[in-house]
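Visitor: Have a look at this one before I ask anything.
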Amino acid sequence: MPPLPPPSPTRRLALYTLVVCLLAVAAAVVSFVQGSWLGIVWVLLAGLSSNMTWYYVKRGKTARGGSVTG
């Protein structure tokens with residue numbers, strides 16, 4: 001089995017922003033369950049990191065020469 005090629009920087013950034021998004025969603029849920037309005041900040045951070053994830057995914061696809069729809 002051939003070794004996997006190293007991930008590109010855009011793929012790595014997309015993975016990091018996805019992890020931040022998932023952690024922000026978890027923090028928002030915990031905040032709202034505890035009755036804290038601080039969860040709104042976590043929701044906003046989740047939205048921002050989600051948009052960044054999509055940006056880096058699309059950027060990586062266009063860099064590889066793949067077609068991007070949408």
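Residues are named by chain letter and number: chains run A, B, ... in the order of the structure tokens, numbers start at 1 in each chain, and ligands are numbered from 1 in the order shown.
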If we count only C-alpha atoms, what is near Val19 in chain A at a cut-off of 10 Å, once residues fewer than 6 positions away on the same chain are taken out, given as a list in words?

Guide: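 Selected residues are Leu13, Val25, Ala46, Ser49, Ser50 and Thr53 of chain A.
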
Visitor: Let me see the file: selected residues, all heavy atoms, as a PDB file, in the first residue's frame.

Guide:
ATOM      1  N   LEU A  13      -5.683  23.641   7.121  1.00  0.00           N
ATOM      2  CA  LEU A  13      -6.434  24.763   7.690  1.00  0.00           C
ATOM      3  C   LEU A  13      -7.931  24.463   7.739  1.00  0.00           C
ATOM      4  O   LEU A  13      -8.613  24.839   8.696  1.00  0.00           O
ATOM      5  CB  LEU A  13      -6.182  26.034   6.874  1.00  0.00           C
ATOM      6  CG  LEU A  13      -4.822  26.686   7.077  1.00  0.00           C
ATOM      7  CD1 LEU A  13      -4.623  27.801   6.062  1.00  0.00           C
ATOM      8  CD2 LEU A  13      -4.699  27.215   8.485  1.00  0.00           C
ATOM      9  N   VAL A  25     -19.487  24.760  18.854  1.00  0.00           N
ATOM     10  CA  VAL A  25     -20.872  24.286  18.977  1.00  0.00           C
ATOM     11  C   VAL A  25     -21.059  23.571  20.311  1.00  0.00           C
ATOM     12  O   VAL A  25     -22.065  23.786  21.006  1.00  0.00           O
ATOM     13  CB  VAL A  25     -21.238  23.362  17.788  1.00  0.00           C
ATOM     14  CG1 VAL A  25     -22.539  22.630  18.042  1.00  0.00           C
ATOM     15  CG2 VAL A  25     -21.330  24.167  16.508  1.00  0.00           C
ATOM     16  N   ALA A  46     -18.828  29.735  16.003  1.00  0.00           N
ATOM     17  CA  ALA A  46     -19.086  28.536  15.202  1.00  0.00           C
ATOM     18  C   ALA A  46     -19.452  28.917  13.767  1.00  0.00           C
ATOM     19  O   ALA A  46     -18.999  28.278  12.810  1.00  0.00           O
ATOM     20  CB  ALA A  46     -20.196  27.701  15.829  1.00  0.00           C
ATOM     21  N   SER A  49     -16.186  30.122  11.973  1.00  0.00           N
ATOM     22  CA  SER A  49     -15.274  29.028  11.648  1.00  0.00           C
ATOM     23  C   SER A  49     -15.871  28.092  10.599  1.00  0.00           C
ATOM     24  O   SER A  49     -15.137  27.515   9.789  1.00  0.00           O
ATOM     25  CB  SER A  49     -14.886  28.260  12.906  1.00  0.00           C
ATOM     26  OG  SER A  49     -16.022  27.716  13.520  1.00  0.00           O
ATOM     27  N   SER A  50     -17.195  27.963  10.571  1.00  0.00           N
ATOM     28  CA  SER A  50     -17.838  27.169   9.535  1.00  0.00           C
ATOM     29  C   SER A  50     -17.616  27.797   8.163  1.00  0.00           C
ATOM     30  O   SER A  50     -17.287  27.101   7.187  1.00  0.00           O
ATOM     31  CB  SER A  50     -19.339  27.057   9.822  1.00  0.00           C
ATOM     32  OG  SER A  50     -20.013  26.485   8.729  1.00  0.00           O
ATOM     33  N   THR A  53     -14.123  27.177   7.111  1.00  0.00           N
ATOM     34  CA  THR A  53     -13.928  25.798   6.659  1.00  0.00           C
ATOM     35  C   THR A  53     -14.342  25.647   5.206  1.00  0.00           C
ATOM     36  O   THR A  53     -13.605  25.088   4.395  1.00  0.00           O
ATOM     37  CB  THR A  53     -14.733  24.823   7.538  1.00  0.00           C
ATOM     38  OG1 THR A  53     -14.293  24.948   8.890  1.00  0.00           O
ATOM     39  CG2 THR A  53     -14.568  23.394   7.075  1.00  0.00           C
TER      40      THR A  53
END

Visitor: Of the residues A:Trp54, A:Trp42, A:Trp37, A:Phe32, which is the one nearest to Leu18 in chain A, using only C-alpha atoms?

Guide: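 Comparing A:Trp54, A:Trp42, A:Trp37, A:Phe32 against Leu18 in chain A, the winner is A:Trp54.
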
Visitor: Can you list, as number ranges by chain, every residue of chain A that DSSP puts in helix (DSSP H, G or I)?

Guide: A: 9-33, 39-64

Visitor: If I take CA of Ala27 in chain A and CA of Pro7 in chain A, how far is one from the other in Å, to one decimal?

Guide: 28.2 Å

Visitor: Pick the closest to Gly47 in chain A from A:Ala14, A:Gln34, A:Ser8, A:Leu22: which is it, counting only C-alpha atoms?

Guide: A:Leu22
